[in-house]
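A.B. asks: Provided below: start05.pdb, containing PDB, C-alpha atoms and all ligand atoms.
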ATOM      1  CA  MET A 824     -48.257 -17.742  13.527
ATOM      2  CA  ARG A 825     -51.065 -19.929  12.214
ATOM      3  CA  PHE A 826     -53.831 -17.982  13.958
ATOM      4  CA  GLU A 827     -52.686 -14.380  13.439
ATOM      5  CA  GLY A 828     -55.806 -12.200  13.485
ATOM      6  CA  LYS A 829     -58.118 -15.197  14.028
ATOM      7  CA  ASN A 830     -60.808 -15.105  16.690
ATOM      8  CA  VAL A 831     -61.141 -18.171  18.897
ATOM      9  CA  ILE A 832     -63.653 -19.092  21.610
ATOM     10  CA  VAL A 833     -62.563 -21.609  24.265
ATOM     11  CA  THR A 834     -65.206 -22.953  26.663
ATOM     12  CA  GLY A 835     -64.192 -24.517  29.956
ATOM     13  CA  ALA A 836     -61.246 -22.089  29.747
ATOM     14  CA  ASN A 837     -60.546 -22.294  33.467
ATOM     15  CA  GLY A 838     -59.958 -26.051  33.241
ATOM     16  CA  GLY A 839     -56.924 -28.046  32.214
ATOM     17  CA  PHE A 840     -57.586 -28.349  28.474
ATOM     18  CA  GLY A 841     -59.240 -24.954  28.131
ATOM     19  CA  ARG A 842     -56.354 -23.116  29.720
ATOM     20  CA  ALA A 843     -53.720 -24.961  27.678
ATOM     21  CA  ALA A 844     -55.660 -24.359  24.441
ATOM     22  CA  ALA A 845     -56.249 -20.662  25.176
ATOM     23  CA  LEU A 846     -52.509 -20.192  25.778
ATOM     24  CA  ARG A 847     -51.622 -22.177  22.653
ATOM     25  CA  PHE A 848     -53.996 -20.232  20.384
ATOM     26  CA  SER A 849     -52.805 -16.946  21.852
ATOM     27  CA  SER A 850     -49.135 -17.911  21.386
ATOM     28  CA  GLU A 851     -49.928 -18.457  17.697
ATOM     29  CA  GLY A 852     -51.497 -15.021  17.267
ATOM     30  CA  ALA A 853     -55.217 -15.537  17.989
ATOM     31  CA  ASN A 854     -57.581 -13.289  19.911
ATOM     32  CA  VAL A 855     -59.138 -15.566  22.505
ATOM     33  CA  ALA A 856     -62.546 -15.383  24.210
ATOM     34  CA  CYS A 857     -62.226 -17.436  27.404
ATOM     35  CA  VAL A 858     -65.578 -18.773  28.615
ATOM     36  CA  ASP A 859     -66.260 -20.446  31.964
ATOM     37  CA  LEU A 860     -68.811 -20.363  34.773
ATOM     38  CA  LEU A 861     -67.100 -17.572  36.743
ATOM     39  CA  LYS A 862     -65.317 -14.582  35.252
ATOM     40  CA  ASP A 863     -63.053 -14.038  38.271
ATOM     41  CA  ASP A 864     -61.591 -17.523  37.862
ATOM     42  CA  LEU A 865     -60.285 -16.480  34.450
ATOM     43  CA  SER A 866     -58.264 -13.468  35.627
ATOM     44  CA  ASP A 867     -54.951 -15.394  35.989
ATOM     45  CA  LEU A 868     -55.298 -16.778  32.476
ATOM     46  CA  LEU A 869     -56.110 -13.336  31.070
ATOM     47  CA  ASN A 870     -53.091 -11.840  32.849
ATOM     48  CA  GLU A 871     -50.824 -14.570  31.509
ATOM     49  CA  ILE A 872     -52.062 -13.954  27.962
ATOM     50  CA  SER A 873     -51.802 -10.182  28.153
ATOM     51  CA  SER A 874     -48.348 -10.267  29.776
ATOM     52  CA  SER A 875     -47.062 -12.192  26.773
ATOM     53  CA  GLY A 876     -48.594  -9.643  24.405
ATOM     54  CA  GLY A 877     -51.772 -11.530  23.500
ATOM     55  CA  LYS A 878     -55.365 -10.349  23.411
ATOM     56  CA  ALA A 879     -58.084 -12.141  25.377
ATOM     57  CA  ILE A 880     -61.433 -11.484  27.002
ATOM     58  CA  ALA A 881     -63.179 -13.368  29.808
ATOM     59  CA  ILE A 882     -66.862 -14.218  29.564
ATOM     60  CA  ALA A 883     -68.950 -15.853  32.286
ATOM     61  CA  ALA A 884     -71.478 -18.300  30.870
ATOM     62  CA  ASP A 885     -73.149 -21.553  31.775
ATOM     63  CA  VAL A 886     -72.977 -23.593  28.567
ATOM     64  CA  THR A 887     -76.264 -25.334  29.400
ATOM     65  CA  GLN A 888     -78.229 -22.073  29.094
ATOM     66  CA  ASN A 889     -79.280 -21.117  25.571
ATOM     67  CA  THR A 890     -79.356 -17.362  26.269
ATOM     68  CA  GLN A 891     -75.915 -17.439  27.911
ATOM     69  CA  VAL A 892     -74.397 -19.333  24.985
ATOM     70  CA  GLU A 893     -75.961 -16.876  22.552
ATOM     71  CA  ALA A 894     -74.530 -14.078  24.716
ATOM     72  CA  TYR A 895     -70.941 -15.453  24.735
ATOM     73  CA  VAL A 896     -71.055 -15.761  20.962
ATOM     74  CA  ASN A 897     -72.491 -12.242  20.549
ATOM     75  CA  GLU A 898     -69.959 -10.734  22.946
ATOM     76  CA  THR A 899     -67.086 -12.362  21.054
ATOM     77  CA  VAL A 900     -68.409 -11.069  17.738
ATOM     78  CA  SER A 901     -68.848  -7.560  19.077
ATOM     79  CA  GLU A 902     -65.374  -7.514  20.713
ATOM     80  CA  PHE A 903     -63.396  -9.184  17.929
ATOM     81  CA  GLY A 904     -65.579  -8.812  14.816
ATOM     82  CA  GLY A 905     -66.318 -12.502  14.174
ATOM     83  CA  ILE A 906     -65.555 -16.085  15.173
ATOM     84  CA  ASP A 907     -63.131 -18.354  13.323
ATOM     85  CA  VAL A 908     -62.757 -21.197  15.818
ATOM     86  CA  LEU A 909     -64.854 -22.662  18.639
ATOM     87  CA  PHE A 910     -63.136 -25.088  21.033
ATOM     88  CA  ASN A 911     -66.353 -26.505  22.499
ATOM     89  CA  ASN A 912     -64.761 -28.069  25.531
ATOM     90  CA  ALA A 913     -66.594 -27.437  28.825
ATOM     91  CA  GLY A 914     -67.553 -30.709  30.476
ATOM     92  CA  ILE A 915     -68.053 -32.516  33.753
ATOM     93  CA  GLU A 916     -67.226 -36.053  34.841
ATOM     94  CA  GLY A 917     -70.251 -36.719  37.069
ATOM     95  CA  LEU A 918     -70.022 -39.524  39.585
ATOM     96  CA  ILE A 919     -68.278 -42.860  39.872
ATOM     97  CA  SER A 920     -71.077 -45.313  40.665
ATOM     98  CA  PRO A 921     -72.588 -48.563  39.451
ATOM     99  CA  LEU A 922     -75.401 -47.753  37.017
ATOM    100  CA  GLU A 923     -78.155 -49.072  39.310
ATOM    101  CA  ASN A 924     -77.173 -46.506  41.959
ATOM    102  CA  TYR A 925     -76.248 -43.612  39.677
ATOM    103  CA  ASP A 926     -77.810 -40.397  40.971
ATOM    104  CA  GLU A 927     -80.641 -39.312  38.649
ATOM    105  CA  GLU A 928     -80.032 -35.571  39.032
ATOM    106  CA  MET A 929     -76.362 -36.044  38.254
ATOM    107  CA  PHE A 930     -77.239 -38.118  35.179
ATOM    108  CA  ASP A 931     -79.307 -35.185  33.878
ATOM    109  CA  LYS A 932     -76.580 -32.674  34.758
ATOM    110  CA  VAL A 933     -73.877 -34.595  32.886
ATOM    111  CA  MET A 934     -76.128 -34.797  29.821
ATOM    112  CA  GLU A 935     -76.983 -31.109  30.068
ATOM    113  CA  VAL A 936     -73.383 -29.897  30.228
ATOM    114  CA  ASN A 937     -71.669 -32.454  27.991
ATOM    115  CA  VAL A 938     -74.374 -32.915  25.348
ATOM    116  CA  LYS A 939     -76.718 -29.927  25.357
ATOM    117  CA  GLY A 940     -73.858 -27.497  26.069
ATOM    118  CA  VAL A 941     -71.942 -28.791  23.052
ATOM    119  CA  TRP A 942     -75.022 -28.589  20.809
ATOM    120  CA  LEU A 943     -75.800 -25.008  21.933
ATOM    121  CA  GLY A 944     -72.194 -23.960  21.297
ATOM    122  CA  MET A 945     -72.342 -25.341  17.759
ATOM    123  CA  ARG A 946     -75.788 -23.854  17.159
ATOM    124  CA  HIS A 947     -74.871 -20.256  17.977
ATOM    125  CA  SER A 948     -71.291 -20.209  16.712
ATOM    126  CA  ALA A 949     -72.368 -21.764  13.395
ATOM    127  CA  ASP A 950     -74.790 -18.864  12.941
ATOM    128  CA  ALA A 951     -71.950 -16.405  13.502
ATOM    129  CA  MET A 952     -69.486 -18.344  11.313
ATOM    130  CA  ARG A 953     -71.961 -18.372   8.413
ATOM    131  CA  GLN A 954     -71.851 -14.550   8.363
ATOM    132  CA  THR A 955     -68.100 -14.576   7.686
ATOM    133  CA  GLY A 956     -67.929 -17.483   5.246
ATOM    134  CA  GLY A 957     -66.966 -20.362   7.542
ATOM    135  CA  GLY A 958     -64.978 -21.549  10.519
ATOM    136  CA  VAL A 959     -63.898 -24.534  12.551
ATOM    137  CA  ILE A 960     -65.495 -26.257  15.534
ATOM    138  CA  ILE A 961     -63.617 -28.737  17.700
ATOM    139  CA  ASN A 962     -65.740 -30.626  20.229
ATOM    140  CA  THR A 963     -64.148 -32.353  23.213
ATOM    141  CA  ALA A 964     -65.365 -35.952  23.252
ATOM    142  CA  SER A 965     -63.214 -38.616  24.968
ATOM    143  CA  GLY A 966     -61.913 -42.157  24.738
ATOM    144  CA  ALA A 967     -65.091 -42.645  26.804
ATOM    145  CA  GLY A 968     -67.014 -41.858  23.609
ATOM    146  CA  LEU A 969     -65.528 -44.934  21.935
ATOM    147  CA  MET A 970     -65.385 -47.589  24.609
ATOM    148  CA  ALA A 971     -67.293 -48.835  27.651
ATOM    149  CA  THR A 972     -67.010 -46.753  30.823
ATOM    150  CA  PRO A 973     -67.998 -49.007  33.725
ATOM    151  CA  THR A 974     -69.075 -46.871  36.739
ATOM    152  CA  MET A 975     -69.414 -43.763  34.528
ATOM    153  CA  VAL A 976     -72.662 -44.482  32.673
ATOM    154  CA  ALA A 977     -73.681 -40.859  32.104
ATOM    155  CA  TYR A 978     -70.208 -39.659  31.118
ATOM    156  CA  GLY A 979     -69.734 -42.471  28.585
ATOM    157  CA  ALA A 980     -73.181 -41.862  27.089
ATOM    158  CA  SER A 981     -72.538 -38.133  26.852
ATOM    159  CA  LYS A 982     -69.216 -38.544  25.058
ATOM    160  CA  HIS A 983     -70.668 -41.072  22.580
ATOM    161  CA  ALA A 984     -73.284 -38.373  21.917
ATOM    162  CA  VAL A 985     -70.591 -35.758  21.252
ATOM    163  CA  ILE A 986     -69.080 -37.991  18.562
ATOM    164  CA  GLY A 987     -72.537 -38.487  17.022
ATOM    165  CA  MET A 988     -73.301 -34.756  17.030
ATOM    166  CA  THR A 989     -69.877 -34.036  15.520
ATOM    167  CA  LYS A 990     -70.644 -36.320  12.564
ATOM    168  CA  THR A 991     -74.096 -34.787  12.043
ATOM    169  CA  ALA A 992     -72.822 -31.223  12.331
ATOM    170  CA  SER A 993     -69.971 -31.891   9.901
ATOM    171  CA  ILE A 994     -72.495 -32.751   7.208
ATOM    172  CA  GLU A 995     -75.009 -30.015   7.965
ATOM    173  CA  LEU A 996     -72.361 -27.284   8.220
ATOM    174  CA  ALA A 997     -69.990 -28.263   5.381
ATOM    175  CA  PRO A 998     -71.904 -26.187   2.799
ATOM    176  CA  ALA A 999     -71.348 -23.136   5.016
ATOM    177  CA  GLY A1000     -67.576 -23.768   5.031
ATOM    178  CA  ILE A1001     -67.583 -24.926   8.635
ATOM    179  CA  ARG A1002     -65.459 -27.967   9.585
ATOM    180  CA  VAL A1003     -66.458 -29.892  12.713
ATOM    181  CA  ASN A1004     -64.219 -32.450  14.417
ATOM    182  CA  ALA A1005     -63.872 -34.053  17.835
ATOM    183  CA  VAL A1006     -60.906 -34.926  20.002
ATOM    184  CA  CYS A1007     -60.971 -38.122  22.077
ATOM    185  CA  PRO A1008     -58.394 -37.841  24.843
ATOM    186  CA  GLY A1009     -57.520 -40.723  27.132
ATOM    187  CA  VAL A1010     -56.360 -39.963  30.679
ATOM    188  CA  ILE A1011     -54.883 -36.488  30.907
ATOM    189  CA  ASN A1012     -53.425 -34.691  33.931
ATOM    190  CA  THR A1013     -56.160 -32.249  34.999
ATOM    191  CA  ARG A1014     -58.577 -31.637  37.897
ATOM    192  CA  MET A1015     -61.027 -34.019  36.240
ATOM    193  CA  MET A1016     -58.686 -37.008  36.583
ATOM    194  CA  ARG A1017     -57.946 -36.058  40.220
ATOM    195  CA  SER A1018     -61.705 -36.266  40.867
ATOM    196  CA  ILE A1019     -62.012 -39.638  39.107
ATOM    197  CA  GLU A1020     -58.970 -41.046  40.946
ATOM    198  CA  GLU A1021     -60.291 -39.878  44.324
ATOM    199  CA  GLN A1022     -63.813 -41.162  43.712
ATOM    200  CA  THR A1023     -62.532 -44.548  42.475
ATOM    201  CA  ILE A1024     -59.912 -45.296  45.173
ATOM    202  CA  PRO A1025     -60.513 -42.741  47.948
ATOM    203  CA  GLU A1026     -58.050 -44.424  50.305
ATOM    204  CA  ASN A1027     -55.214 -44.400  47.738
ATOM    205  CA  PRO A1028     -55.839 -42.378  44.532
ATOM    206  CA  GLU A1029     -52.184 -42.845  43.511
ATOM    207  CA  GLU A1030     -52.945 -46.529  42.996
ATOM    208  CA  TYR A1031     -55.383 -45.568  40.228
ATOM    209  CA  VAL A1032     -52.710 -43.427  38.548
ATOM    210  CA  LYS A1033     -50.254 -46.322  38.689
ATOM    211  CA  ALA A1034     -52.715 -48.918  37.376
ATOM    212  CA  VAL A1035     -53.964 -46.766  34.482
ATOM    213  CA  SER A1036     -50.451 -45.637  33.539
ATOM    214  CA  GLU A1037     -49.330 -49.281  33.429
ATOM    215  CA  ARG A1038     -52.321 -50.194  31.223
ATOM    216  CA  THR A1039     -51.522 -47.330  28.826
ATOM    217  CA  PRO A1040     -49.093 -48.501  26.106
ATOM    218  CA  LEU A1041     -47.084 -45.253  26.306
ATOM    219  CA  GLY A1042     -46.923 -45.743  30.081
ATOM    220  CA  ARG A1043     -48.159 -42.404  31.369
ATOM    221  CA  TYR A1044     -50.988 -39.863  31.536
ATOM    222  CA  GLY A1045     -51.092 -37.216  28.813
ATOM    223  CA  GLU A1046     -50.622 -33.511  29.457
ATOM    224  CA  PRO A1047     -53.176 -30.793  28.595
ATOM    225  CA  GLU A1048     -50.612 -29.101  26.323
ATOM    226  CA  GLU A1049     -50.588 -32.263  24.178
ATOM    227  CA  ILE A1050     -54.358 -31.924  23.703
ATOM    228  CA  ALA A1051     -53.924 -28.243  22.861
ATOM    229  CA  GLY A1052     -51.447 -29.200  20.126
ATOM    230  CA  LEU A1053     -53.990 -31.514  18.455
ATOM    231  CA  VAL A1054     -56.771 -28.944  18.808
ATOM    232  CA  ALA A1055     -54.578 -26.274  17.203
ATOM    233  CA  PHE A1056     -53.749 -28.635  14.320
ATOM    234  CA  LEU A1057     -57.446 -29.391  13.704
ATOM    235  CA  ALA A1058     -58.260 -25.678  13.842
ATOM    236  CA  SER A1059     -55.510 -24.797  11.368
ATOM    237  CA  ASP A1060     -55.503 -24.729   7.565
ATOM    238  CA  GLU A1061     -53.268 -27.825   7.630
ATOM    239  CA  ALA A1062     -56.478 -29.705   8.510
ATOM    240  CA  ALA A1063     -58.503 -28.071   5.711
ATOM    241  CA  TYR A1064     -59.718 -31.447   4.378
ATOM    242  CA  ILE A1065     -60.625 -32.926   7.774
ATOM    243  CA  THR A1066     -64.226 -32.838   8.957
ATOM    244  CA  GLY A1067     -66.510 -35.211  10.873
ATOM    245  CA  ALA A1068     -63.490 -36.990  12.367
ATOM    246  CA  SER A1069     -62.834 -38.026  15.945
ATOM    247  CA  TYR A1070     -59.133 -37.951  16.789
ATOM    248  CA  VAL A1071     -57.937 -40.296  19.516
ATOM    249  CA  ILE A1072     -55.092 -38.939  21.664
ATOM    250  CA  ASP A1073     -54.588 -41.438  24.452
ATOM    251  CA  GLY A1074     -51.099 -42.990  24.505
ATOM    252  CA  GLY A1075     -52.692 -46.116  23.017
ATOM    253  CA  LEU A1076     -55.190 -46.728  25.844
ATOM    254  CA  VAL A1077     -58.375 -47.365  23.847
ATOM    255  CA  ASN A1078     -56.712 -50.218  21.983
ATOM    256  CA  ALA A1079     -55.018 -51.740  25.014
TER
HETATM  257  N1  LIG B1101     -58.875 -34.877  31.747
HETATM  258  C1  LIG B1101     -59.117 -35.947  31.041
HETATM  259  O1  LIG B1101     -58.494 -37.004  31.238
HETATM  260  C2  LIG B1101     -60.160 -35.918  29.946
HETATM  261  C3  LIG B1101     -60.186 -36.992  29.045
HETATM  262  C4  LIG B1101     -61.114 -36.978  28.010
HETATM  263  C5  LIG B1101     -61.969 -35.914  27.870
HETATM  264  N2  LIG B1101     -61.934 -34.901  28.764
HETATM  265  C6  LIG B1101     -62.867 -33.776  28.543
HETATM  266  O2  LIG B1101     -62.129 -32.597  28.351
HETATM  267  C7  LIG B1101     -62.915 -31.458  28.700
HETATM  268  C8  LIG B1101     -62.116 -30.591  29.606
HETATM  269  O3  LIG B1101     -61.812 -31.330  30.781
HETATM  270  P1  LIG B1101     -60.608 -30.993  31.760
HETATM  271  O4  LIG B1101     -59.881 -32.260  31.978
HETATM  272  O5  LIG B1101     -59.884 -29.778  31.307
HETATM  273  O6  LIG B1101     -61.458 -30.744  33.099
HETATM  274  P2  LIG B1101     -61.544 -29.499  34.073
HETATM  275  O7  LIG B1101     -62.498 -29.885  35.135
HETATM  276  O8  LIG B1101     -60.170 -29.066  34.434
HETATM  277  O9  LIG B1101     -62.195 -28.363  33.142
HETATM  278  C9  LIG B1101     -63.552 -28.299  32.811
HETATM  279  C10 LIG B1101     -63.972 -26.843  32.798
HETATM  280  O10 LIG B1101     -65.329 -26.771  32.337
HETATM  281  C11 LIG B1101     -65.994 -25.807  33.129
HETATM  282  N3  LIG B1101     -67.436 -26.064  33.147
HETATM  283  C12 LIG B1101     -68.083 -27.110  33.729
HETATM  284  N4  LIG B1101     -69.409 -26.964  33.593
HETATM  285  C13 LIG B1101     -69.605 -25.808  32.903
HETATM  286  C14 LIG B1101     -70.762 -25.122  32.457
HETATM  287  N5  LIG B1101     -71.999 -25.595  32.691
HETATM  288  N6  LIG B1101     -70.596 -23.963  31.769
HETATM  289  C15 LIG B1101     -69.363 -23.472  31.533
HETATM  290  N7  LIG B1101     -68.233 -24.085  31.925
HETATM  291  C16 LIG B1101     -68.353 -25.226  32.626
HETATM  292  C17 LIG B1101     -65.380 -25.958  34.518
HETATM  293  O11 LIG B1101     -65.627 -24.812  35.321
HETATM  294  C18 LIG B1101     -63.922 -26.199  34.186
HETATM  295  O12 LIG B1101     -63.192 -24.996  34.146
HETATM  296  C19 LIG B1101     -64.208 -32.019  29.284
HETATM  297  O13 LIG B1101     -65.214 -32.007  28.296
HETATM  298  C20 LIG B1101     -63.823 -33.439  29.647
HETATM  299  O14 LIG B1101     -64.954 -34.278  29.697
HETATM  300  C21 LIG B1101     -61.043 -34.862  29.793
END
Show this structure as structure tokens.

C.D. replies:
Amino acid sequence: MRFEGKNVIVTGANGGFGRAAALRFSSEGANVACVDLLKDDLSDLLNEISSSGGKAIAIAADVTQNTQVEAYVNETVSEFGGIDVLFNNAGIEGLISPLENYDEEMFDKVMEVNVKGVWLGMRHSADAMRQTGGGVIINTASGAGLMATPTMVAYGASKHAVIGMTKTASIELAPAGIRVNAVCPGVINTRMMRSIEEQTIPENPEEYVKAVSERTPLGRYGEPEEIAGLVAFLASDEAAYITGASYVIDGGLVNA
């Protein structure tokens, strides 16, 4: 039980990665604060955690709003007594569109959620972690933070930014005993990939799945539980000397 008595915040907890990570942390003994836009959406996850003997709370927050991020951090501290781990994971894909036609409002929205939301999460949780002598932050970047993303100009820019912020934060927060790393998943089986498949080949989304799986050296999409395993490793004491790193988990896709 690597996280016995540890307090973990997961943002985007109603999504594929968030749900898998919340369950993984809970199965290893953590108290989990599950954050997403709507509290009601989190009730299944909370029931699943409590029925297997774990402890979790649901918090509604929009990660783009400073006061709501401050509030999810404060609520976690008051419920659990502190924060040991932040899985800073909420994100949106935006649109599939050539860059000349990309919708301006959507460009701003993607930046707000994927960049500002990640910064605000680090800002407020770092304050709380300082009080208790340290902690760990894991930001969700993407393979899209390392390579070109034709037709996803905002998403690619936002995930490059997450990697940049992770490096900066790792240096600023090291003296406070806070490690900061990023995960860079490739294509993983969640709602987000369904949206990308359907926007890219509306008449036959399965064709996208087939083409991308064939291009991936390991020949398939990843599963959210595989991301949760990496996140749990980075959050654990086994990763005590790792900070400022961006871990690729993509079946080989970024090198293909
Ligand atoms: N699925 C993939 O292939 C893949 C690959 C690389 C990176 N990622 C990244 O992983 C993260 C999780 O994605 P996922 O695949 O689980 O997608 P998902 O759509 O299943 O989950 C995203 C969650 O974030 C929440 N969210 C969105 N905007 C929010 C906001 N403003 N405030 C609070 N919560 C908000 C959504 O409600 C949703 O529950 C994202 O940052 C995504 O960019 C996904």

A.B. asks: Considering only C-alpha atoms, state which residue in the set A:Thr1013, A:Ser866, A:Ser965, A:Ser981 is at the smallest distance from Leu1076 (chain A).

C.D. replies: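 With only C-alpha atoms as the atom set, the closest residue is A:Ser965.
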
A.B. asks: Can you tell me, as a list in words, what residues are no more than 9 Å from Leu1057 (chain A) when counting only C-alpha atoms, ignoring any on the same chain fewer than 3 positions away?

C.D. replies: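 In the requested form, the answer reads Val959, Ile960, Ile961, Asn1004, Ala1005, Gly1052, Leu1053, Val1054, Asp1060, Glu1061, Ala1062, Ala1063, Ile1065 and Thr1066 of chain A.
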
A.B. asks: For each of A:Glu902, A:Glu1048, A:Asp1073, A:Glu1029, take the minimum atom-to-atom distance to Leu846 (chain A), counting all atoms listed in the file, then give the residue where this is smallest.

C.D. replies: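 Comparing A:Glu902, A:Glu1048, A:Asp1073, A:Glu1029 against Leu846 (chain A), the winner is A:Glu1048.
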
A.B. asks: Return as a list in words the set of residues that the PyMOL selection byres (((chain A and resi 1043-1045) around 6) and not hetatm) yields on the displayed structure.

C.D. replies: Val1010, Ile1011, Ser1036, Leu1041, Gly1042 and Glu1046 of chain A

A.B. asks: Keeping C-alpha atoms for every residue in the selection just given, could you write it to a file as a short mmCIF file (atom, residue, chain, number, x, y, z; two decimals), in the frame of the given file?

C.D. replies:
data_model
loop_
_atom_site.label_atom_id
_atom_site.label_comp_id
_atom_site.auth_asym_id
_atom_site.auth_seq_id
_atom_site.Cartn_x
_atom_site.Cartn_y
_atom_site.Cartn_z
CA VAL A 1010 -56.36 -39.96 30.68
CA ILE A 1011 -54.88 -36.49 30.91
CA SER A 1036 -50.45 -45.64 33.54
CA LEU A 1041 -47.08 -45.25 26.31
CA GLY A 1042 -46.92 -45.74 30.08
CA GLU A 1046 -50.62 -33.51 29.46
#

A.B. asks: Between CA of Gly904 (chain A) and CA of Val831 (chain A), measure the distance and give it in Å to one decimal.

C.D. replies: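 Distance reported for this atom pair: 11.1 Å.
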
A.B. asks: With distances taken over only C-alpha atoms, which residue among A:Cys1007, A:Gln1022, A:Ala1051, A:Trp942 lies nearest Gly1074 (chain A)?

C.D. replies: A:Cys1007

A.B. asks: As lines of an AutoDock Vina configuration file, what would the box around region 947-959 of chain A look like: edges along x, y and z, 3 Å added on every side, centre and edge lengths in Å to one decimal?

C.D. replies:
center_x = -69.4
center_y = -19.5
center_z = 11.6
size_x = 17.0
size_y = 16.0
size_z = 18.7

A.B. asks: Could you tell me which residues the PyMOL selection byres (((not hetatm)) within 6 of (chain B and resi 1101)) grabs in this file, written as an MDAnalysis selection string?

C.D. replies: chainID A and resid 835:841 859:860 884:887 912:916 936 963:965 1008:1016

A.B. asks: Convert the output of the PyMOL selection byres (((chain A and resi 995-997) around 10) and not hetatm) on the shown file into explicit residues, formatted as a PDB file with C-alpha atoms, keeping the file's coordinate frame.

C.D. replies:
ATOM      1  CA  MET A 945     -72.342 -25.341  17.759  1.00  0.00           C
ATOM      2  CA  ALA A 949     -72.368 -21.764  13.395  1.00  0.00           C
ATOM      3  CA  ASP A 950     -74.790 -18.864  12.941  1.00  0.00           C
ATOM      4  CA  MET A 952     -69.486 -18.344  11.313  1.00  0.00           C
ATOM      5  CA  ARG A 953     -71.961 -18.372   8.413  1.00  0.00           C
ATOM      6  CA  GLY A 957     -66.966 -20.362   7.542  1.00  0.00           C
ATOM      7  CA  GLY A 958     -64.978 -21.549  10.519  1.00  0.00           C
ATOM      8  CA  VAL A 959     -63.898 -24.534  12.551  1.00  0.00           C
ATOM      9  CA  THR A 989     -69.877 -34.036  15.520  1.00  0.00           C
ATOM     10  CA  LYS A 990     -70.644 -36.320  12.564  1.00  0.00           C
ATOM     11  CA  THR A 991     -74.096 -34.787  12.043  1.00  0.00           C
ATOM     12  CA  ALA A 992     -72.822 -31.223  12.331  1.00  0.00           C
ATOM     13  CA  SER A 993     -69.971 -31.891   9.901  1.00  0.00           C
ATOM     14  CA  ILE A 994     -72.495 -32.751   7.208  1.00  0.00           C
ATOM     15  CA  PRO A 998     -71.904 -26.187   2.799  1.00  0.00           C
ATOM     16  CA  ALA A 999     -71.348 -23.136   5.016  1.00  0.00           C
ATOM     17  CA  GLY A1000     -67.576 -23.768   5.031  1.00  0.00           C
ATOM     18  CA  ILE A1001     -67.583 -24.926   8.635  1.00  0.00           C
ATOM     19  CA  ARG A1002     -65.459 -27.967   9.585  1.00  0.00           C
ATOM     20  CA  VAL A1003     -66.458 -29.892  12.713  1.00  0.00           C
ATOM     21  CA  THR A1066     -64.226 -32.838   8.957  1.00  0.00           C
ATOM     22  CA  GLY A1067     -66.510 -35.211  10.873  1.00  0.00           C
TER      23      GLY A1067
END

A.B. asks: Rank nothing, just name the residue among A:Asn962, A:Ser920, A:Asn1027, A:Thr974 nearest to Ser1069 (chain A), using all atoms listed in the file.

C.D. replies: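 The shortest atom-to-atom distance to Ser1069 (chain A) comes from A:Asn962.
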
A.B. asks: Write out as JSON, numbers by chain which residues come within 12 Å of Gly876 (chain A) when counting all atoms listed in the file, dropping same-chain ones fewer than 3 positions away.

C.D. replies: {"A": [846, 849, 850, 851, 852, 853, 854, 869, 870, 871, 872, 873, 879]}

A.B. asks: How far is it from CA of Gly944 (chain A) to CA of Glu1020 (chain A), in Å with one decimal?

C.D. replies: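 Interatomic distance here is 29.2 Å.
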
A.B. asks: Rounded to one decimal, what separation in Å do you get between CA of Lys829 (chain A) and CA of Asp907 (chain A)?

C.D. replies: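 Atom-to-atom, CA of Lys829 (chain A) to CA of Asp907 (chain A), that is 6.0 Å.
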
A.B. asks: Give me the residues within 7 Å of Val833 (chain A) as a list in words, counting all atoms listed in the file and dropping any in the same chain fewer than 4 places off.

C.D. replies: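 Here the answer would be Gly841, Ala845, Ala856, Cys857, Val858, Leu909, Phe910, Asn911 and Asn912 of chain A.
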
A.B. asks: Write out as a ChimeraX atom specification each polymer residue whose atoms come within 10 Å of Pro973 (chain A), counting only C-alpha atoms; drop sequence neighbours fewer than 2 positions from it.

C.D. replies: /A:919-922,967,970-971,975-976,978-979

A.B. asks: Select, from A:Ala951, A:Ile880, A:Val938, A:Leu865, the residue with the minimum atom-to-atom distance to Ala977 (chain A), counting only C-alpha atoms.

C.D. replies: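 Going through A:Ala951, A:Ile880, A:Val938, A:Leu865 one by one, the smallest distance to Ala977 (chain A) is for A:Val938.
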
A.B. asks: So, counting only C-alpha atoms, which residue among A:Lys862, A:Lys1033, A:His947, A:His983 is closest to Val900 (chain A)?

C.D. replies: A:His947

A.B. asks: Please complete region 964-970 of chain A with N, CA and C atoms and give it back as a PDB file, keeping the file's coordinate frame.

C.D. replies:
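Result file follows (out.pdb):
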ATOM      1  N   ALA A 964     -64.724 -34.675  22.891  1.00  0.00           N
ATOM      2  CA  ALA A 964     -65.365 -35.952  23.252  1.00  0.00           C
ATOM      3  C   ALA A 964     -64.421 -36.619  24.245  1.00  0.00           C
ATOM      4  N   SER A 965     -64.075 -37.893  24.022  1.00  0.00           N
ATOM      5  CA  SER A 965     -63.214 -38.616  24.968  1.00  0.00           C
ATOM      6  C   SER A 965     -63.016 -40.039  24.447  1.00  0.00           C
ATOM      7  N   GLY A 966     -61.987 -40.708  24.952  1.00  0.00           N
ATOM      8  CA  GLY A 966     -61.913 -42.157  24.738  1.00  0.00           C
ATOM      9  C   GLY A 966     -63.189 -42.809  25.248  1.00  0.00           C
ATOM     10  N   ALA A 967     -63.826 -42.152  26.241  1.00  0.00           N
ATOM     11  CA  ALA A 967     -65.091 -42.645  26.804  1.00  0.00           C
ATOM     12  C   ALA A 967     -66.239 -42.571  25.798  1.00  0.00           C
ATOM     13  N   GLY A 968     -66.012 -41.901  24.675  1.00  0.00           N
ATOM     14  CA  GLY A 968     -67.014 -41.858  23.609  1.00  0.00           C
ATOM     15  C   GLY A 968     -66.867 -43.017  22.649  1.00  0.00           C
ATOM     16  N   LEU A 969     -65.831 -43.838  22.869  1.00  0.00           N
ATOM     17  CA  LEU A 969     -65.528 -44.934  21.935  1.00  0.00           C
ATOM     18  C   LEU A 969     -65.561 -46.297  22.600  1.00  0.00           C
ATOM     19  N   MET A 970     -65.454 -46.308  23.909  1.00  0.00           N
ATOM     20  CA  MET A 970     -65.385 -47.589  24.609  1.00  0.00           C
ATOM     21  C   MET A 970     -66.311 -47.592  25.827  1.00  0.00           C
TER      22      MET A 970
END
